[in-house]
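Shown next: run_18.cif, containing mmCIF, C-alpha atoms; chains and numbers go by the auth columns.
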```
data_structure
#
loop_
_atom_site.group_PDB
_atom_site.id
_atom_site.type_symbol
_atom_site.label_atom_id
_atom_site.label_comp_id
_atom_site.label_asym_id
_atom_site.label_seq_id
_atom_site.Cartn_x
_atom_site.Cartn_y
_atom_site.Cartn_z
_atom_site.B_iso_or_equiv
_atom_site.auth_seq_id
_atom_site.auth_asym_id
ATOM 1 C CA MET A 1 22.723 17.453 15.482 0.00 1 A
ATOM 2 C CA PRO A 2 25.700 18.999 13.678 0.00 2 A
ATOM 3 C CA ALA A 3 29.256 17.936 14.421 0.00 3 A
ATOM 4 C CA LYS A 4 31.165 20.291 16.712 0.00 4 A
ATOM 5 C CA PRO A 5 34.864 19.687 15.860 0.00 5 A
ATOM 6 C CA ALA A 6 36.075 18.621 12.415 0.00 6 A
ATOM 7 C CA ALA A 7 37.528 15.397 13.879 0.00 7 A
ATOM 8 C CA GLN A 8 34.025 14.323 14.945 0.00 8 A
ATOM 9 C CA GLN A 9 32.741 14.999 11.435 0.00 9 A
ATOM 10 C CA LYS A 10 35.557 12.939 9.890 0.00 10 A
ATOM 11 C CA ALA A 11 34.956 10.032 12.286 0.00 11 A
ATOM 12 C CA ALA A 12 31.249 10.065 11.435 0.00 12 A
ATOM 13 C CA GLY A 13 32.113 9.949 7.731 0.00 13 A
ATOM 14 C CA ALA A 14 34.353 6.918 8.237 0.00 14 A
ATOM 15 C CA ALA A 15 31.688 5.159 10.316 0.00 15 A
ATOM 16 C CA LEU A 16 29.019 5.946 7.729 0.00 16 A
ATOM 17 C CA SER A 17 31.194 4.499 4.977 0.00 17 A
ATOM 18 C CA ALA A 18 31.608 1.258 6.949 0.00 18 A
ATOM 19 C CA LYS A 19 27.907 1.062 7.797 0.00 19 A
ATOM 20 C CA ARG A 20 27.058 1.343 4.091 0.00 20 A
ATOM 21 C CA GLY A 21 29.619 -1.353 3.226 0.00 21 A
ATOM 22 C CA ASP A 22 31.960 0.924 1.258 0.00 22 A
ATOM 23 C CA THR A 23 34.809 0.452 3.754 0.00 23 A
ATOM 24 C CA PRO A 24 35.593 -2.719 5.720 0.00 24 A
ATOM 25 C CA LYS A 25 34.655 -2.449 9.406 0.00 25 A
ATOM 26 C CA SER A 26 38.095 -3.819 10.278 0.00 26 A
ATOM 27 C CA LYS A 27 39.639 -0.532 9.041 0.00 27 A
ATOM 28 C CA LEU A 28 37.775 1.519 11.679 0.00 28 A
ATOM 29 C CA LYS A 29 39.579 2.663 14.830 0.00 29 A
ATOM 30 C CA GLY A 30 38.616 4.444 18.037 0.00 30 A
ATOM 31 C CA THR A 31 35.697 6.833 17.832 0.00 31 A
ATOM 32 C CA SER A 32 34.569 5.865 14.348 0.00 32 A
ATOM 33 C CA LYS A 33 34.374 2.205 15.418 0.00 33 A
ATOM 34 C CA SER A 34 32.148 3.006 18.402 0.00 34 A
ATOM 35 C CA MET A 35 30.049 5.432 16.310 0.00 35 A
ATOM 36 C CA GLU A 36 29.411 2.723 13.718 0.00 36 A
ATOM 37 C CA ASP A 37 28.180 0.347 16.428 0.00 37 A
ATOM 38 C CA SER A 38 26.019 2.773 18.381 0.00 38 A
ATOM 39 C CA MET A 39 24.522 5.197 15.835 0.00 39 A
ATOM 40 C CA SER A 40 22.003 4.799 13.034 0.00 40 A
ATOM 41 C CA GLU A 41 22.867 5.572 9.421 0.00 41 A
ATOM 42 C CA LYS A 42 20.676 8.686 9.583 0.00 42 A
ATOM 43 C CA GLN A 43 22.481 10.007 12.689 0.00 43 A
ATOM 44 C CA LEU A 44 25.883 9.378 11.105 0.00 44 A
ATOM 45 C CA GLU A 45 24.758 11.093 7.918 0.00 45 A
ATOM 46 C CA GLU A 46 23.721 14.208 9.867 0.00 46 A
ATOM 47 C CA LEU A 47 27.126 14.406 11.556 0.00 47 A
ATOM 48 C CA ALA A 48 29.114 13.607 8.422 0.00 48 A
ATOM 49 C CA HIS A 49 27.372 16.214 6.285 0.00 49 A
ATOM 50 C CA THR A 50 28.165 19.098 8.633 0.00 50 A
ATOM 51 C CA LYS A 51 30.112 21.872 6.931 0.00 51 A
ATOM 52 C CA ARG A 52 33.742 21.828 8.092 0.00 52 A
ATOM 53 C CA LYS A 53 34.559 25.494 7.466 0.00 53 A
ATOM 54 C CA GLY A 54 35.244 27.382 10.706 0.00 54 A
ATOM 55 C CA LYS A 55 35.258 24.272 12.900 0.00 55 A
ATOM 56 C CA PRO A 56 38.205 23.537 15.196 0.00 56 A
ATOM 57 C CA GLU A 57 40.032 20.294 14.431 0.00 57 A
ATOM 58 C CA HIS A 58 39.443 19.047 17.997 0.00 58 A
ATOM 59 C CA ASP A 59 37.154 20.082 20.831 0.00 59 A
ATOM 60 C CA SER A 60 38.942 22.579 23.079 0.00 60 A
ATOM 61 C CA ARG A 61 37.238 21.331 26.249 0.00 61 A
ATOM 62 C CA GLY A 62 39.079 19.090 28.653 0.00 62 A
#
```
Since I need it in another form, could you write the structure as structure tokens?
Amino acid sequence: MPAKPAAQQKAAGAALSAKRGDTPKSKLKGTSKSMEDSMSEKQLEELAHTKRKGKPEHDSRG
């Protein structure tokens, strides 16, 4: 499941870093904090490794 907007990809990268212990969980905010709690390392890895080229920064819906 590739990330849609670049912001989602960045949040997944931050959550993945915390899940692996590279970044303290206390540094996470908002979406990355909830992603770290609710997603597996494999799911976060799939989102974080999405290519960013051509992606909008944020989802245009809503």
(message) Just checking: using all atoms listed in the file, which residue out of A:Thr31, A:Gln9, A:Ser17, A:Ser26 ends up closest to His49 in chain A?
(response)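 Between A:Thr31, A:Gln9, A:Ser17, A:Ser26, the residue approaching His49 in chain A most closely is A:Gln9.
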(request) Write out as a list in words each polymer residue whose atoms come within 12 Å of Lys29 in chain A, counting all atoms listed in the file; drop sequence neighbours fewer than 4 positions from it. (result)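 Non-adjacent residues within range: Ala11, Ala12, Ala14, Ala15, Ala18, Pro24, Lys25, Lys33, Ser34, Met35, Glu36 and Asp37 of chain A.
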(request) Between CA of Leu47 in chain A and CA of Gly13 in chain A, measure the distance and give it in Å to one decimal. (result) 7.7 Å
(message) as a VMD selection string, please: the residues near Ala7 in chain A (cut-off 9 Å, all atoms listed in the file, same-chain neighbours under 5 positions excluded).
(response) chain A and resid 12 56 to 59
(message) Quick check, in Å to one decimal: how far apart do CA of Gly21 in chain A and CA of Glu41 in chain A lie?
(response)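 Interatomic distance, CA of Gly21 in chain A to CA of Glu41 in chain A: 11.5 Å.
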Provide an axis-aligned box for all listed atoms of range 39-42 of chain A, padding each side by 6 Å; report its centre and its edge lengths in Å to one decimal, as JSON.
```
{"center_x": 22.6, "center_y": 6.7, "center_z": 12.6, "size_x": 15.8, "size_y": 15.9, "size_z": 18.4}
```
(message) Rounded to one decimal, what separation in Å do you get between CA of Thr50 in chain A and CA of Lys27 in chain A?
(response) 22.7 Å
